[in-house]
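Trainee: Below is a structure I'd like to ask you about.
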Amino acid sequence: MESIRIVEFFKNKSILVTGSTGFLAKIFVEKVLRVQPEVKKLFLLVRAGDATSANQRVQTEILEKDLFKVLKDKHGDGFRSFVTKKLVPLAGDIVQEDLGIHDSDLRRNLWKEVEVVVNVAATTNFDERYDVALGVNVLGAKHILEFAKRCVRLEMLLHVSTAYVAGEQSGLILEKKFLMGETLKGDSYLDIEAELSLADEKKRELRAEDAPEEAEKLAMKELGIRRTIDSVIIGYAKGKITCFFGDLDIIMDVVPGDMVVNAMMATMAAHSGQQAEFIYHMGSSVRNPVTYDTLEHCHFRYFLANPRVGRDGSVMPMKRLRFIKSMVVFRVFMTLRYKLPFEVMHLVNLLSCGRLARGYNELNRKYKFVMHLVELYKPYVYFDGCFDDLNMERLRMAMKKDDAEARMFDFDPKHVDWEDYFCSIHIPGVMKYAFK
C-alpha cells in the first residue's frame, strides 16, 4: 500500500454525510473542517420536514456543541461565515427512497457533485423497535447504496457499522464480508423481505385487535435485541445498581471515537476511486486488549474521587459493584435477595389496604430495572470474540510513511492507556452528557 495523503485527499471534495447529528458524524465533520478548510462541501443529511428545520438541527445539534470550540476559536468572528460556505444541511430520511430528498433539482445536483458518501446513519439503540431498526439499519443502507450508484463522480462509499453485527460469535472474527442472505449461524438463509413482512404482519395483527399503541411498541421491541454499556455506569452512579453479573476476565473491545474517525478518513484516502470492496475492523481486542476488570476498577476509582451528591446535599456512599460470574447464581441471588421479599411486601401491602404501596412500587421498579439490564447484557458481557485487524494494521503501516499525518490521524489502539482513558475521558463524558 502506497503512502497516504489524507489532508490533500479532502481538498475540494464534496462529501455527503448521513446520520449527521450522530456521535461519529459530528466528530468527522469537525475533523474535516479543522484539518482541511479547503474541503468544498459537506452535505449533511438530517431527519427534518424542510430545509429550515434541517438547518436548525445542524445549528443546535452539531455546531453549538463543545466539540466545535477549537474551530470557533480558530475562526473567531468568521466562524459562522466559514461553516455556512462549507456545510449544506439536507432535509431527508434514509428509510425513504432517494433518502427522502423530495426536490428533484436538488437530487440531480447531488448526483452531479458528490464524490464521497459516508454512511454513519443507524440506530444504535439496542432497545429499539424491530421495525424501526429494520427500516434504518437495513432499508436505510439499501437506499444509500442506490443513491450512491447515481452519483456520477463517486470515488468512495464508506459504510460504518458496529462490532455487534458479529452477533454471539467467539474466537477470532475475521475482516470479511457477508454474502447476501448469509447468516451468522451459517446454516440458514436471511430473507430481508420476509423480515420486513414479519414486522408489518405483526403490526397489522395488533391493529386488527385494536391494540393500544403501547402494545405495538412493546411487540416491536420484543422482536429485537437490546443492550448498551453506559447504562450500568449511570445505574451505578444513581445508586440503583449494587450488584451485577458477568465475567470480569473477558476482553471488551472499545475504541475512542476520534480514532474511529481517523481510521475512516485514512480508509477514504487509501481506497478512493478503486473498484473493490474493503473490510476493516477498528478494534482493540487483538492489538491492545482490556478486560472488564479494568473498567470496573476505573469505575470505582472515579466515583471514589468524584462522589455523587444526593438531593439533600449529602455525599452518596459508594461501594464497589459486586459481580457474580455465573448467570444461574445471579438469578438465584436476585430471587432470594429481592424478588421473594418483594412478594411478601406486596402481600402485606394488599392486607394493609395499600399503605406500603409507595415503597413497594419504588423497590419493584428498581428490581425490574436491574433485570431489564440483565436481559440486555446477557449476550454482551459473555461475548468471547476478538476482532482481527490485519487489514487495519496494513493501513496503519502505510500511514507511518508520513510522520506528520500519522500523528494527526492516529488510530493505533496501542497508544491508548486504558485506565487514563476510562478515568479521564470516558466516564466523565458519560456523566456530563448522558447522566440526567
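Lettering and numbering for the C-alpha cells are positional, with chains as A, B, ... in the shown order, residues counted from 1 in each chain, and ligands counted from 1 in the shown order.
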Which neighbours of range 239-249 of chain A fall inside 8 Å, counting only C-alpha atoms, when residues of the same chain fewer than 3 positions from it are skipped, and could you give them as a ChimeraX atom specification?
Mentor: /A:232,235-236,291-293,319-327,330,366,370,374,381-382
Trainee: Got a sec: who's within 9 Å of Arg287 in chain A, counting only C-alpha atoms, leaving out chain neighbours fewer than 3 positions off, as a PyMOL selection string?
Mentor: chain A and resi 283-284+388-389+412-414
Trainee: From the DSSP assignment of the backbone, select every residue of range 94-147 of chain A that is helix (DSSP H, G or I), and format the answer as a PDB file with N, CA and C atoms, in the first residue's frame.
Mentor:
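Result saved to states.pdb:
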ATOM      1  N   GLU A  97     -36.895   6.117  -0.120  1.00  0.00           N
ATOM      2  CA  GLU A  97     -36.148   6.100  -1.373  1.00  0.00           C
ATOM      3  C   GLU A  97     -35.639   7.507  -1.694  1.00  0.00           C
ATOM      4  N   ASP A  98     -34.513   7.581  -2.381  1.00  0.00           N
ATOM      5  CA  ASP A  98     -33.850   8.868  -2.677  1.00  0.00           C
ATOM      6  C   ASP A  98     -33.516   9.626  -1.403  1.00  0.00           C
ATOM      7  N   LEU A  99     -33.375   8.872  -0.299  1.00  0.00           N
ATOM      8  CA  LEU A  99     -33.016   9.442   1.007  1.00  0.00           C
ATOM      9  C   LEU A  99     -34.010  10.490   1.483  1.00  0.00           C
ATOM     10  N   GLY A 100     -35.237  10.406   0.978  1.00  0.00           N
ATOM     11  CA  GLY A 100     -36.270  11.346   1.401  1.00  0.00           C
ATOM     12  C   GLY A 100     -36.050  12.759   0.903  1.00  0.00           C
ATOM     13  N   SER A 104     -36.425  17.398  -6.782  1.00  0.00           N
ATOM     14  CA  SER A 104     -35.745  16.686  -7.876  1.00  0.00           C
ATOM     15  C   SER A 104     -34.509  17.434  -8.371  1.00  0.00           C
ATOM     16  N   ASP A 105     -34.553  18.764  -8.391  1.00  0.00           N
ATOM     17  CA  ASP A 105     -33.389  19.544  -8.816  1.00  0.00           C
ATOM     18  C   ASP A 105     -32.222  19.359  -7.838  1.00  0.00           C
ATOM     19  N   LEU A 106     -32.547  19.341  -6.562  1.00  0.00           N
ATOM     20  CA  LEU A 106     -31.520  19.146  -5.545  1.00  0.00           C
ATOM     21  C   LEU A 106     -30.892  17.761  -5.678  1.00  0.00           C
ATOM     22  N   ARG A 107     -31.724  16.745  -5.904  1.00  0.00           N
ATOM     23  CA  ARG A 107     -31.197  15.387  -6.081  1.00  0.00           C
ATOM     24  C   ARG A 107     -30.239  15.326  -7.271  1.00  0.00           C
ATOM     25  N   ARG A 108     -30.649  15.920  -8.380  1.00  0.00           N
ATOM     26  CA  ARG A 108     -29.790  15.896  -9.574  1.00  0.00           C
ATOM     27  C   ARG A 108     -28.457  16.614  -9.324  1.00  0.00           C
ATOM     28  N   ASN A 109     -28.505  17.713  -8.592  1.00  0.00           N
ATOM     29  CA  ASN A 109     -27.271  18.437  -8.273  1.00  0.00           C
ATOM     30  C   ASN A 109     -26.341  17.587  -7.404  1.00  0.00           C
ATOM     31  N   LEU A 110     -26.942  16.876  -6.474  1.00  0.00           N
ATOM     32  CA  LEU A 110     -26.137  16.000  -5.614  1.00  0.00           C
ATOM     33  C   LEU A 110     -25.514  14.872  -6.426  1.00  0.00           C
ATOM     34  N   TRP A 111     -26.273  14.274  -7.326  1.00  0.00           N
ATOM     35  CA  TRP A 111     -25.745  13.188  -8.149  1.00  0.00           C
ATOM     36  C   TRP A 111     -24.594  13.669  -9.039  1.00  0.00           C
ATOM     37  N   LYS A 112     -24.634  14.954  -9.410  1.00  0.00           N
ATOM     38  CA  LYS A 112     -23.565  15.509 -10.247  1.00  0.00           C
ATOM     39  C   LYS A 112     -22.322  15.886  -9.431  1.00  0.00           C
ATOM     40  N   GLU A 113     -22.508  16.274  -8.175  1.00  0.00           N
ATOM     41  CA  GLU A 113     -21.417  16.878  -7.409  1.00  0.00           C
ATOM     42  C   GLU A 113     -20.759  15.951  -6.400  1.00  0.00           C
ATOM     43  N   TYR A 130     -38.222  -3.313  16.502  1.00  0.00           N
ATOM     44  CA  TYR A 130     -37.667  -4.114  15.414  1.00  0.00           C
ATOM     45  C   TYR A 130     -37.953  -3.477  14.056  1.00  0.00           C
ATOM     46  N   ASP A 131     -39.161  -2.938  13.875  1.00  0.00           N
ATOM     47  CA  ASP A 131     -39.497  -2.336  12.585  1.00  0.00           C
ATOM     48  C   ASP A 131     -38.657  -1.091  12.323  1.00  0.00           C
ATOM     49  N   VAL A 132     -38.382  -0.313  13.380  1.00  0.00           N
ATOM     50  CA  VAL A 132     -37.552   0.875  13.220  1.00  0.00           C
ATOM     51  C   VAL A 132     -36.113   0.480  12.899  1.00  0.00           C
ATOM     52  N   ALA A 133     -35.598  -0.524  13.602  1.00  0.00           N
ATOM     53  CA  ALA A 133     -34.226  -0.989  13.359  1.00  0.00           C
ATOM     54  C   ALA A 133     -34.073  -1.518  11.935  1.00  0.00           C
ATOM     55  N   LEU A 134     -35.057  -2.266  11.461  1.00  0.00           N
ATOM     56  CA  LEU A 134     -35.022  -2.764  10.086  1.00  0.00           C
ATOM     57  C   LEU A 134     -35.049  -1.612   9.084  1.00  0.00           C
ATOM     58  N   GLY A 135     -35.911  -0.643   9.354  1.00  0.00           N
ATOM     59  CA  GLY A 135     -36.048   0.488   8.442  1.00  0.00           C
ATOM     60  C   GLY A 135     -34.768   1.287   8.307  1.00  0.00           C
ATOM     61  N   VAL A 136     -34.111   1.560   9.438  1.00  0.00           N
ATOM     62  CA  VAL A 136     -32.908   2.386   9.418  1.00  0.00           C
ATOM     63  C   VAL A 136     -31.678   1.581   9.013  1.00  0.00           C
ATOM     64  N   ASN A 137     -31.451   0.464   9.688  1.00  0.00           N
ATOM     65  CA  ASN A 137     -30.193  -0.267   9.519  1.00  0.00           C
ATOM     66  C   ASN A 137     -30.163  -1.182   8.301  1.00  0.00           C
ATOM     67  N   VAL A 138     -31.329  -1.557   7.777  1.00  0.00           N
ATOM     68  CA  VAL A 138     -31.366  -2.446   6.618  1.00  0.00           C
ATOM     69  C   VAL A 138     -31.812  -1.683   5.366  1.00  0.00           C
ATOM     70  N   LEU A 139     -33.064  -1.202   5.374  1.00  0.00           N
ATOM     71  CA  LEU A 139     -33.536  -0.451   4.218  1.00  0.00           C
ATOM     72  C   LEU A 139     -32.727   0.830   4.018  1.00  0.00           C
ATOM     73  N   GLY A 140     -32.325   1.456   5.133  1.00  0.00           N
ATOM     74  CA  GLY A 140     -31.536   2.680   5.033  1.00  0.00           C
ATOM     75  C   GLY A 140     -30.237   2.456   4.277  1.00  0.00           C
ATOM     76  N   ALA A 141     -29.550   1.367   4.613  1.00  0.00           N
ATOM     77  CA  ALA A 141     -28.292   1.047   3.920  1.00  0.00           C
ATOM     78  C   ALA A 141     -28.541   0.788   2.431  1.00  0.00           C
ATOM     79  N   LYS A 142     -29.637   0.108   2.135  1.00  0.00           N
ATOM     80  CA  LYS A 142     -30.002  -0.179   0.735  1.00  0.00           C
ATOM     81  C   LYS A 142     -30.256   1.118  -0.036  1.00  0.00           C
ATOM     82  N   HIS A 143     -30.996   2.044   0.574  1.00  0.00           N
ATOM     83  CA  HIS A 143     -31.307   3.308  -0.095  1.00  0.00           C
ATOM     84  C   HIS A 143     -30.051   4.152  -0.315  1.00  0.00           C
ATOM     85  N   ILE A 144     -29.127   4.107   0.643  1.00  0.00           N
ATOM     86  CA  ILE A 144     -27.883   4.865   0.499  1.00  0.00           C
ATOM     87  C   ILE A 144     -27.049   4.303  -0.651  1.00  0.00           C
ATOM     88  N   LEU A 145     -26.987   2.973  -0.749  1.00  0.00           N
ATOM     89  CA  LEU A 145     -26.247   2.342  -1.842  1.00  0.00           C
ATOM     90  C   LEU A 145     -26.844   2.727  -3.191  1.00  0.00           C
ATOM     91  N   GLU A 146     -28.162   2.699  -3.283  1.00  0.00           N
ATOM     92  CA  GLU A 146     -28.828   3.053  -4.537  1.00  0.00           C
ATOM     93  C   GLU A 146     -28.570   4.513  -4.896  1.00  0.00           C
ATOM     94  N   PHE A 147     -28.589   5.389  -3.894  1.00  0.00           N
ATOM     95  CA  PHE A 147     -28.333   6.814  -4.134  1.00  0.00           C
ATOM     96  C   PHE A 147     -26.893   7.017  -4.589  1.00  0.00           C
TER      97      PHE A 147
END
Trainee: Applying 10 Å and only C-alpha atoms, which residues near Asp402 in chain A remain after dropping the ones on its own chain fewer than 5 positions away? List them as a list of chain:residue names.
Mentor: A:Ser3, A:Ile4, A:Arg5, A:Met397, A:Arg407
Trainee: Can you write just those residues out, C-alpha atoms, as a CSV table (one decimal), in the first residue's frame?
Mentor:
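Once everything was written out, this is out04.csv:
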chain,number,residue,atom,x,y,z
A,3,SER,CA,1.9,6.3,1.2
A,4,ILE,CA,-1.5,8.0,2.1
A,5,ARG,CA,-2.0,11.8,1.8
A,397,MET,CA,1.8,0.8,8.4
A,407,ARG,CA,0.3,11.8,14.4
Trainee: Please determine, counting only C-alpha atoms, which residue among A:Tyr367, A:Tyr164, A:Phe422, A:Phe409 has the shortest atom-to-atom distance to Thr335 in chain A.
Mentor: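 Closest candidate: A:Tyr367.
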Trainee: Could you tell me which of A:Val7, A:Val95, A:Ser81, A:Ile251 comes closest to Tyr380 in chain A if we count only C-alpha atoms?
Mentor: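 Counting only C-alpha atoms, the residue closest to Tyr380 in chain A is A:Ile251.
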Trainee: Skipping near chain neighbours, those fewer than 3 positions away, what residues fall within 12 Å of Pro37 in chain A using only C-alpha atoms, listed as a tab-separated table (two decimals) with C-alpha atoms, in the first residue's frame?
Mentor:
chain	number	residue	atom	x	y	z
A	7	VAL	CA	-5.26	16.10	4.19
A	8	GLU	CA	-4.66	16.51	0.47
A	10	PHE	CA	-10.13	16.08	1.27
A	11	LYS	CA	-9.18	19.27	-0.56
A	12	ASN	CA	-12.02	20.42	-2.87
A	13	LYS	CA	-14.04	17.29	-2.09
A	29	VAL	CA	-17.40	16.89	10.29
A	30	GLU	CA	-15.35	18.78	12.88
A	31	LYS	CA	-12.14	16.96	11.95
A	32	VAL	CA	-12.53	17.57	8.22
A	33	LEU	CA	-13.26	21.27	8.70
A	34	ARG	CA	-10.33	21.62	11.09
A	40	LYS	CA	-15.54	22.02	-0.99
A	41	LYS	CA	-18.85	20.97	0.56
A	42	LEU	CA	-20.15	18.74	3.34
A	71	LEU	CA	-12.84	25.66	15.26
A	74	LYS	CA	-9.58	29.42	15.23
A	75	HIS	CA	-12.01	31.36	13.02
A	79	PHE	CA	-16.77	31.01	12.12
A	82	PHE	CA	-16.94	29.70	7.23
A	83	VAL	CA	-19.38	26.91	8.16
A	85	LYS	CA	-19.92	28.16	2.99
A	86	LYS	CA	-18.89	24.59	3.76
A	87	LEU	CA	-21.96	22.91	5.29
Trainee: Kindly indicate which residue among A:Ile62, A:Ala266, A:Leu24, A:Met156 lies nearest to Ala398 in chain A, using only C-alpha atoms for the distances.
Mentor: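 When distances to Ala398 in chain A are compared using only C-alpha atoms, the smallest one comes from A:Ala266.
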Trainee: What is the CA of Ser170 in chain A to CA of Ile250 in chain A distance in Å?
Mentor: 11.6 Å
Trainee: Find the residues near Val17 in chain A: any atom within 8 Å, counting only C-alpha atoms, skip ones fewer than 4 places away on the same chain, and give them as a ChimeraX atom specification.
Mentor: /A:25,42-45,117-120
